[in-house]
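Text of protein.pdb, listed as PDB, C-alpha atoms:
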ATOM      1  CA  MET A 267       3.909 -18.941 -43.907
ATOM      2  CA  PHE A 268       6.403 -16.844 -45.847
ATOM      3  CA  ARG A 269       4.195 -15.766 -48.774
ATOM      4  CA  CYS A 270       4.812 -12.091 -48.058
ATOM      5  CA  GLY A 271       7.954 -12.161 -50.172
ATOM      6  CA  ILE A 272      10.744 -12.961 -47.712
ATOM      7  CA  ALA A 273      14.124 -13.490 -49.336
ATOM      8  CA  TYR A 274      15.050 -16.911 -48.008
ATOM      9  CA  PRO A 275      18.809 -16.683 -48.629
ATOM     10  CA  ARG A 276      18.875 -13.683 -46.251
ATOM     11  CA  CYS A 277      17.571 -15.949 -43.474
ATOM     12  CA  ARG A 278      20.923 -17.694 -43.576
ATOM     13  CA  TRP A 279      22.506 -14.538 -42.134
ATOM     14  CA  ILE A 280      19.663 -12.799 -40.317
ATOM     15  CA  VAL A 281      18.608 -15.634 -38.000
ATOM     16  CA  PRO A 282      22.113 -16.192 -36.549
ATOM     17  CA  LEU A 283      22.405 -12.413 -36.183
ATOM     18  CA  LEU A 284      19.166 -12.380 -34.163
ATOM     19  CA  LEU A 285      20.611 -15.128 -31.960
ATOM     20  CA  LEU A 286      23.698 -12.970 -31.433
ATOM     21  CA  PHE A 287      21.443 -10.124 -30.265
ATOM     22  CA  ALA A 288      19.696 -12.540 -27.873
ATOM     23  CA  ILE A 289      23.100 -13.539 -26.459
ATOM     24  CA  ILE A 290      24.061  -9.882 -25.988
ATOM     25  CA  PHE A 291      20.742  -9.148 -24.261
ATOM     26  CA  ASP A 292      21.248 -12.137 -21.944
ATOM     27  CA  ILE A 293      24.765 -11.033 -21.044
ATOM     28  CA  ILE A 294      23.496  -7.522 -20.258
ATOM     29  CA  ALA A 295      20.734  -8.929 -18.035
ATOM     30  CA  ILE A 296      23.060 -11.292 -16.180
ATOM     31  CA  ALA A 297      25.976  -8.867 -15.750
ATOM     32  CA  ALA A 298      23.957  -5.817 -14.675
ATOM     33  CA  ASN A 299      24.820  -4.444 -11.225
ATOM     34  CA  SER A 300      21.388  -2.869 -10.922
ATOM     35  CA  GLY A 301      18.299  -2.521 -13.023
ATOM     36  CA  TRP A 302      16.316  -5.627 -12.226
ATOM     37  CA  VAL A 303      14.191  -4.054  -9.498
ATOM     38  CA  GLU A 304      13.963  -0.502  -8.180
ATOM     39  CA  ASP A 305      11.670   1.260  -5.773
ATOM     40  CA  GLU A 306      10.106   4.439  -7.114
ATOM     41  CA  GLY A 307      13.023   6.300  -8.653
ATOM     42  CA  ALA A 308      15.631   4.010  -7.038
ATOM     43  CA  LYS A 309      15.699   6.363  -4.076
ATOM     44  CA  SER A 310      16.156   3.839  -1.303
ATOM     45  CA  HIS A 311      16.253   0.329  -2.760
ATOM     46  CA  TYR A 312      17.421  -1.368  -5.953
ATOM     47  CA  ALA A 313      18.466  -4.867  -6.924
ATOM     48  CA  SER A 314      20.178  -6.907  -9.591
ATOM     49  CA  MET A 315      20.032 -10.622 -10.141
ATOM     50  CA  TRP A 316      22.939 -10.988  -7.706
ATOM     51  CA  SER A 317      22.367  -8.478  -4.886
ATOM     52  CA  HIS A 318      20.083  -5.810  -3.466
ATOM     53  CA  CYS A 319      21.043  -2.469  -1.966
ATOM     54  CA  ARG A 320      19.280  -0.174   0.501
ATOM     55  CA  GLY A 321      20.215   3.321   1.521
ATOM     56  CA  ARG A 322      20.161   6.981   0.594
ATOM     57  CA  ASN A 323      22.493   9.246  -1.395
ATOM     58  CA  ASP A 324      25.974   7.647  -1.262
ATOM     59  CA  ASN A 325      25.348   5.428   1.784
ATOM     60  CA  TRP A 326      24.245   2.101   0.326
ATOM     61  CA  ASP A 327      24.195  -1.195   2.203
ATOM     62  CA  CYS A 328      24.391  -3.990  -0.353
ATOM     63  CA  LYS A 329      23.686  -7.626   0.463
ATOM     64  CA  SER A 330      23.997 -10.668  -1.714
ATOM     65  CA  LEU A 331      20.844 -12.417  -2.843
ATOM     66  CA  MET A 332      22.863 -15.611  -3.310
ATOM     67  CA  GLU A 333      22.120 -16.650   0.272
ATOM     68  CA  PHE A 334      18.578 -17.459  -0.910
ATOM     69  CA  SER A 335      18.030 -20.696  -2.791
ATOM     70  CA  TRP A 336      15.567 -19.067  -5.205
ATOM     71  CA  ALA A 337      18.205 -16.491  -6.233
ATOM     72  CA  GLN A 338      20.746 -19.249  -6.780
ATOM     73  CA  ALA A 339      18.188 -21.065  -8.936
ATOM     74  CA  VAL A 340      17.480 -17.918 -10.967
ATOM     75  CA  ALA A 341      21.200 -17.300 -11.531
ATOM     76  CA  ALA A 342      21.825 -20.927 -12.468
ATOM     77  CA  LEU A 343      18.871 -21.046 -14.868
ATOM     78  CA  MET A 344      19.856 -17.782 -16.575
ATOM     79  CA  ILE A 345      23.475 -18.912 -16.984
ATOM     80  CA  ILE A 346      22.454 -22.366 -18.254
ATOM     81  CA  GLY A 347      20.083 -20.684 -20.699
ATOM     82  CA  LEU A 348      22.896 -18.419 -21.895
ATOM     83  CA  ILE A 349      25.242 -21.378 -22.392
ATOM     84  CA  ILE A 350      22.627 -23.303 -24.407
ATOM     85  CA  LEU A 351      21.949 -20.144 -26.431
ATOM     86  CA  ILE A 352      25.668 -19.777 -27.233
ATOM     87  CA  VAL A 353      25.837 -23.436 -28.309
ATOM     88  CA  ALA A 354      22.782 -22.948 -30.531
ATOM     89  CA  PHE A 355      24.383 -19.828 -32.039
ATOM     90  CA  ILE A 356      27.591 -21.708 -32.871
ATOM     91  CA  ILE A 357      25.649 -24.591 -34.418
ATOM     92  CA  SER A 358      23.488 -22.129 -36.397
ATOM     93  CA  CYS A 359      26.585 -20.422 -37.800
ATOM     94  CA  ILE A 360      27.913 -23.802 -38.874
ATOM     95  CA  ALA A 361      24.555 -24.929 -40.294
ATOM     96  CA  LEU A 362      23.621 -21.736 -42.137
ATOM     97  CA  CYS A 363      26.667 -19.563 -42.717
ATOM     98  CA  CYS A 364      29.523 -21.985 -43.455
ATOM     99  CA  THR A 365      27.632 -24.731 -45.247
ATOM    100  CA  LEU A 366      23.924 -25.279 -45.598
ATOM    101  CA  ASN A 367      23.067 -28.189 -43.311
ATOM    102  CA  ILE A 368      19.266 -28.374 -43.142
ATOM    103  CA  SER A 369      19.255 -31.403 -40.819
ATOM    104  CA  LEU A 370      20.704 -29.311 -37.965
ATOM    105  CA  LEU A 371      17.935 -26.689 -38.057
ATOM    106  CA  PRO A 372      15.347 -28.656 -35.996
ATOM    107  CA  VAL A 373      18.073 -29.461 -33.439
ATOM    108  CA  ILE A 374      18.836 -25.751 -33.118
ATOM    109  CA  GLY A 375      15.107 -25.038 -32.782
ATOM    110  CA  ALA A 376      14.824 -27.610 -29.984
ATOM    111  CA  LEU A 377      17.818 -26.099 -28.157
ATOM    112  CA  LEU A 378      16.233 -22.664 -28.438
ATOM    113  CA  PHE A 379      12.913 -23.857 -27.023
ATOM    114  CA  ILE A 380      14.764 -25.476 -24.104
ATOM    115  CA  THR A 381      16.450 -22.116 -23.523
ATOM    116  CA  VAL A 382      13.088 -20.347 -23.631
ATOM    117  CA  VAL A 383      11.597 -22.664 -21.008
ATOM    118  CA  ILE A 384      14.628 -22.338 -18.718
ATOM    119  CA  GLN A 385      14.774 -18.558 -18.929
ATOM    120  CA  PHE A 386      11.007 -18.190 -18.681
ATOM    121  CA  ILE A 387      11.073 -20.109 -15.394
ATOM    122  CA  ALA A 388      13.924 -17.925 -14.081
ATOM    123  CA  LEU A 389      12.229 -14.679 -15.123
ATOM    124  CA  ILE A 390       9.017 -15.711 -13.360
ATOM    125  CA  ILE A 391      10.662 -17.003 -10.164
ATOM    126  CA  TYR A 392      12.614 -13.776  -9.610
ATOM    127  CA  PRO A 393       9.730 -11.282  -9.214
ATOM    128  CA  VAL A 394       7.551 -13.714  -7.269
ATOM    129  CA  LYS A 395      10.233 -14.503  -4.712
ATOM    130  CA  PHE A 396      11.619 -10.961  -4.602
ATOM    131  CA  ASN A 397       8.155  -9.639  -3.763
ATOM    132  CA  ASP A 398       7.895 -12.246  -0.988
ATOM    133  CA  LEU A 399      11.242 -11.007   0.369
ATOM    134  CA  ILE A 400      10.330  -7.303   0.254
ATOM    135  CA  PHE A 401       6.925  -6.297   1.612
ATOM    136  CA  GLU A 402       6.946  -2.494   1.578
ATOM    137  CA  GLY A 403       6.218   0.031  -1.164
ATOM    138  CA  HIS A 404       5.925  -0.103  -4.911
ATOM    139  CA  TYR A 405       8.670  -1.670  -7.025
ATOM    140  CA  ASP A 406       9.348  -1.505 -10.757
ATOM    141  CA  TYR A 407      11.090  -4.185 -12.779
ATOM    142  CA  THR A 408      13.391  -2.157 -14.979
ATOM    143  CA  TRP A 409      15.852  -2.230 -17.852
ATOM    144  CA  ALA A 410      18.075  -5.235 -17.040
ATOM    145  CA  TYR A 411      15.062  -7.413 -16.280
ATOM    146  CA  GLY A 412      13.626  -6.195 -19.593
ATOM    147  CA  PHE A 413      16.780  -7.284 -21.403
ATOM    148  CA  GLY A 414      16.235 -10.780 -19.985
ATOM    149  CA  TRP A 415      12.708 -10.807 -21.402
ATOM    150  CA  GLY A 416      13.979  -9.350 -24.688
ATOM    151  CA  ALA A 417      16.457 -12.202 -25.035
ATOM    152  CA  THR A 418      13.719 -14.730 -24.293
ATOM    153  CA  ILE A 419      11.345 -13.226 -26.863
ATOM    154  CA  LEU A 420      14.068 -13.148 -29.540
ATOM    155  CA  THR A 421      14.839 -16.774 -28.726
ATOM    156  CA  ILE A 422      11.169 -17.755 -29.169
ATOM    157  CA  GLY A 423      11.093 -16.114 -32.606
ATOM    158  CA  CYS A 424      14.335 -17.728 -33.703
ATOM    159  CA  GLY A 425      13.160 -21.115 -32.430
ATOM    160  CA  ILE A 426      10.028 -20.843 -34.575
ATOM    161  CA  LEU A 427      12.094 -19.854 -37.610
ATOM    162  CA  PHE A 428      14.541 -22.713 -37.117
ATOM    163  CA  CYS A 429      11.665 -25.186 -36.903
ATOM    164  CA  CYS A 430       9.984 -23.779 -40.051
ATOM    165  CA  LEU A 431      12.997 -23.223 -42.310
ATOM    166  CA  PRO A 432      13.585 -26.925 -43.178
ATOM    167  CA  ARG A 433      10.293 -26.846 -45.099
ATOM    168  CA  TYR A 434      11.855 -24.253 -47.431
ATOM    169  CA  GLU A 435      15.115 -26.010 -48.307
ATOM    170  CA  ASP A 436      14.943 -25.231 -52.037
ATOM    171  CA  GLU A 437      14.325 -21.561 -51.339
ATOM    172  CA  LEU A 438      17.244 -21.411 -48.901
ATOM    173  CA  THR A 439      19.619 -23.012 -51.377
ATOM    174  CA  GLY A 440      18.374 -20.883 -54.278
ATOM    175  CA  LEU A 441      17.201 -23.926 -56.281
ATOM    176  CA  ALA A 442      13.501 -23.073 -56.185
ATOM    177  CA  LYS A 443      11.788 -22.142 -59.415
ATOM    178  CA  THR A 444      10.816 -18.470 -59.529
ATOM    179  CA  LYS A 445       7.099 -17.905 -59.081
ATOM    180  CA  TYR A 446       5.485 -14.956 -60.770
ATOM    181  CA  ILE A 447       2.247 -13.345 -59.663
ATOM    182  CA  TYR A 448       1.105 -12.585 -63.221
ATOM    183  CA  THR A 449       0.412 -15.449 -65.586
ATOM    184  CA  SER A 450      -0.776 -15.101 -69.160
ATOM    185  CA  ALA A 451      -4.054 -16.705 -70.217
TER     186      ALA A 451
END

Serialized structure, structure tokens:
Amino acid sequence: MFRCGIAYPRCRWIVPLLLLFAIIFDIIAIAANSGWVEDEGAKSHYASMWSHCRGRNDNWDCKSLMEFSWAQAVAALMIIGLIILIVAFIISCIALCCTLNISLLPVIGALLFITVVIQFIALIIYPVKFNDLIFEGHYDYTWAYGFGWGATILTIGCGILFCCLPRYEDELTGLAKTKYIYTSA
């Protein structure tokens, strides 16, 4: 899998750093006041995970989406996914950065895949139900929604790495014998 010449000891720092980026992306997606959905140019309608606003110029009428059960489910799933992601990040820092604890890596991978499933469900429910709520015009799913997907994609990649890294314990610890491409006859 890693025959391209990856420096395994760097994985001890890079993979938790990628998880930190996923956490930041999730926080941006959850905390955004707009940017999940916009009509063409956000001229008359835009929405976040929490509310949607209609209007023109400076006259906006904002209403909470939390009165709908699907929006509550989306918010709960995104927040639960973020909490699990933070727990996985803390465990990964302990397992890779402080001491090398290979036995925790599959546990972290499992937590990350649980996060992926939870956030994937939330990111699919939102556009389906929002489109059922709003029937007119063309809507774009924009930057904050994209940050949610970015966090999910980073989490998938990190989950795969955490599941594969235990197979390369000697390389991670630096105990592996150096392999050279050229051998003499």

Q. In Å, with one decimal, what is the gap from atom CA of Val303 of chain A to atom CA of Trp326 of chain A?
A. 15.3 Å

Q: May I ask which of the residues A:Ile346, A:Leu378, A:Ile356, A:Cys328 is the closest one to Leu420 of chain A, counting all atoms listed in the file?
A: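 Ranked by minimum distance to Leu420 of chain A, first place goes to A:Leu378.
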
(Q) I'd like the neighbourhood of segment 313-322 of chain A as number ranges by chain, where a residue qualifies if any of its atoms comes within 7 Å (using all atoms listed in the file), though same-chain residues fewer than 5 positions away should be ignored. (A) A: 296, 298-304, 327-332, 341

Q: Go ahead and find all residues with at least one atom no further than 8 Å from (21.9, -23.9, -35.6) in the file's coordinates, using all atoms listed in the file; report them as JSON, numbers by chain.
A: {"A": [282, 354, 355, 356, 357, 358, 359, 360, 361, 362, 370, 371, 373, 374, 375, 428]}

Q) Quick one, how far is atom CA of Ala410 of chain A from atom CA of Ala295 of chain A? A)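 Result for atom CA of Ala410 of chain A versus atom CA of Ala295 of chain A: 4.7 Å, one decimal.
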
(Q) Assuming the chain letters and numbering stay as they are in my file, what does the PyMOL selection byres ((chain A and resi 414) around 9) actually select? List them as a ChimeraX atom specification. (A) /A:288,291-296,344,385,389,409-413,415-419

Q: Counting only C-alpha atoms, figure out which residue out of A:Ser369, A:Thr381, A:Thr421, A:Thr408 gets nearest to Leu343 of chain A.
A: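 Closest to Leu343 of chain A, using only C-alpha atoms: A:Thr381.
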
Take segment 304-328 of chain A, bring it up to N, CA and C atoms, and give me the output as a tab-separated table (two decimals), keeping the file's coordinate frame.
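The resulting file, out_7.tsv, is shown below:
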chain	number	residue	atom	x	y	z
A	304	GLU	N	13.71	-1.77	-8.85
A	304	GLU	CA	13.96	-0.50	-8.18
A	304	GLU	C	12.68	-0.06	-7.48
A	305	ASP	N	12.85	0.61	-6.34
A	305	ASP	CA	11.67	1.26	-5.77
A	305	ASP	C	11.42	2.51	-6.62
A	306	GLU	N	10.46	3.28	-6.29
A	306	GLU	CA	10.11	4.44	-7.11
A	306	GLU	C	11.29	5.39	-7.22
A	307	GLY	N	11.89	5.42	-8.41
A	307	GLY	CA	13.02	6.30	-8.65
A	307	GLY	C	14.35	5.79	-8.11
A	308	ALA	N	14.42	4.60	-7.64
A	308	ALA	CA	15.63	4.01	-7.04
A	308	ALA	C	16.18	4.90	-5.93
A	309	LYS	N	15.29	5.44	-5.13
A	309	LYS	CA	15.70	6.36	-4.08
A	309	LYS	C	16.27	5.65	-2.86
A	310	SER	N	15.69	4.49	-2.53
A	310	SER	CA	16.16	3.84	-1.30
A	310	SER	C	16.42	2.34	-1.47
A	311	HIS	N	16.07	1.77	-2.60
A	311	HIS	CA	16.25	0.33	-2.76
A	311	HIS	C	16.33	-0.04	-4.24
A	312	TYR	N	17.33	-0.82	-4.60
A	312	TYR	CA	17.42	-1.37	-5.95
A	312	TYR	C	18.08	-2.74	-5.88
A	313	ALA	N	17.92	-3.52	-6.93
A	313	ALA	CA	18.47	-4.87	-6.92
A	313	ALA	C	18.86	-5.30	-8.32
A	314	SER	N	19.81	-6.21	-8.36
A	314	SER	CA	20.18	-6.91	-9.59
A	314	SER	C	19.83	-8.37	-9.39
A	315	MET	N	20.27	-9.20	-10.31
A	315	MET	CA	20.03	-10.62	-10.14
A	315	MET	C	20.88	-11.17	-8.99
A	316	TRP	N	21.97	-10.48	-8.66
A	316	TRP	CA	22.94	-10.99	-7.71
A	316	TRP	C	22.82	-10.40	-6.31
A	317	SER	N	22.39	-9.13	-6.20
A	317	SER	CA	22.37	-8.48	-4.89
A	317	SER	C	21.28	-7.41	-4.84
A	318	HIS	N	21.00	-6.94	-3.62
A	318	HIS	CA	20.08	-5.81	-3.47
A	318	HIS	C	20.71	-4.82	-2.50
A	319	CYS	N	20.42	-3.54	-2.74
A	319	CYS	CA	21.04	-2.47	-1.97
A	319	CYS	C	19.97	-1.54	-1.42
A	320	ARG	N	20.17	-1.14	-0.15
A	320	ARG	CA	19.28	-0.17	0.50
A	320	ARG	C	20.13	0.99	0.97
A	321	GLY	N	19.50	2.16	1.01
A	321	GLY	CA	20.22	3.32	1.52
A	321	GLY	C	19.70	4.61	0.92
A	322	ARG	N	20.47	5.66	1.12
A	322	ARG	CA	20.16	6.98	0.59
A	322	ARG	C	21.47	7.63	0.14
A	323	ASN	N	21.36	8.48	-0.86
A	323	ASN	CA	22.49	9.25	-1.40
A	323	ASN	C	23.67	8.32	-1.70
A	324	ASP	N	24.80	8.50	-1.01
A	324	ASP	CA	25.97	7.65	-1.26
A	324	ASP	C	26.17	6.57	-0.20
A	325	ASN	N	25.25	6.44	0.72
A	325	ASN	CA	25.35	5.43	1.78
A	325	ASN	C	24.46	4.24	1.45
A	326	TRP	N	25.01	3.27	0.74
A	326	TRP	CA	24.24	2.10	0.33
A	326	TRP	C	24.77	0.88	1.05
A	327	ASP	N	23.87	0.07	1.56
A	327	ASP	CA	24.20	-1.20	2.20
A	327	ASP	C	23.75	-2.31	1.27
A	328	CYS	N	24.70	-2.94	0.63
A	328	CYS	CA	24.39	-3.99	-0.35
A	328	CYS	C	24.59	-5.37	0.27
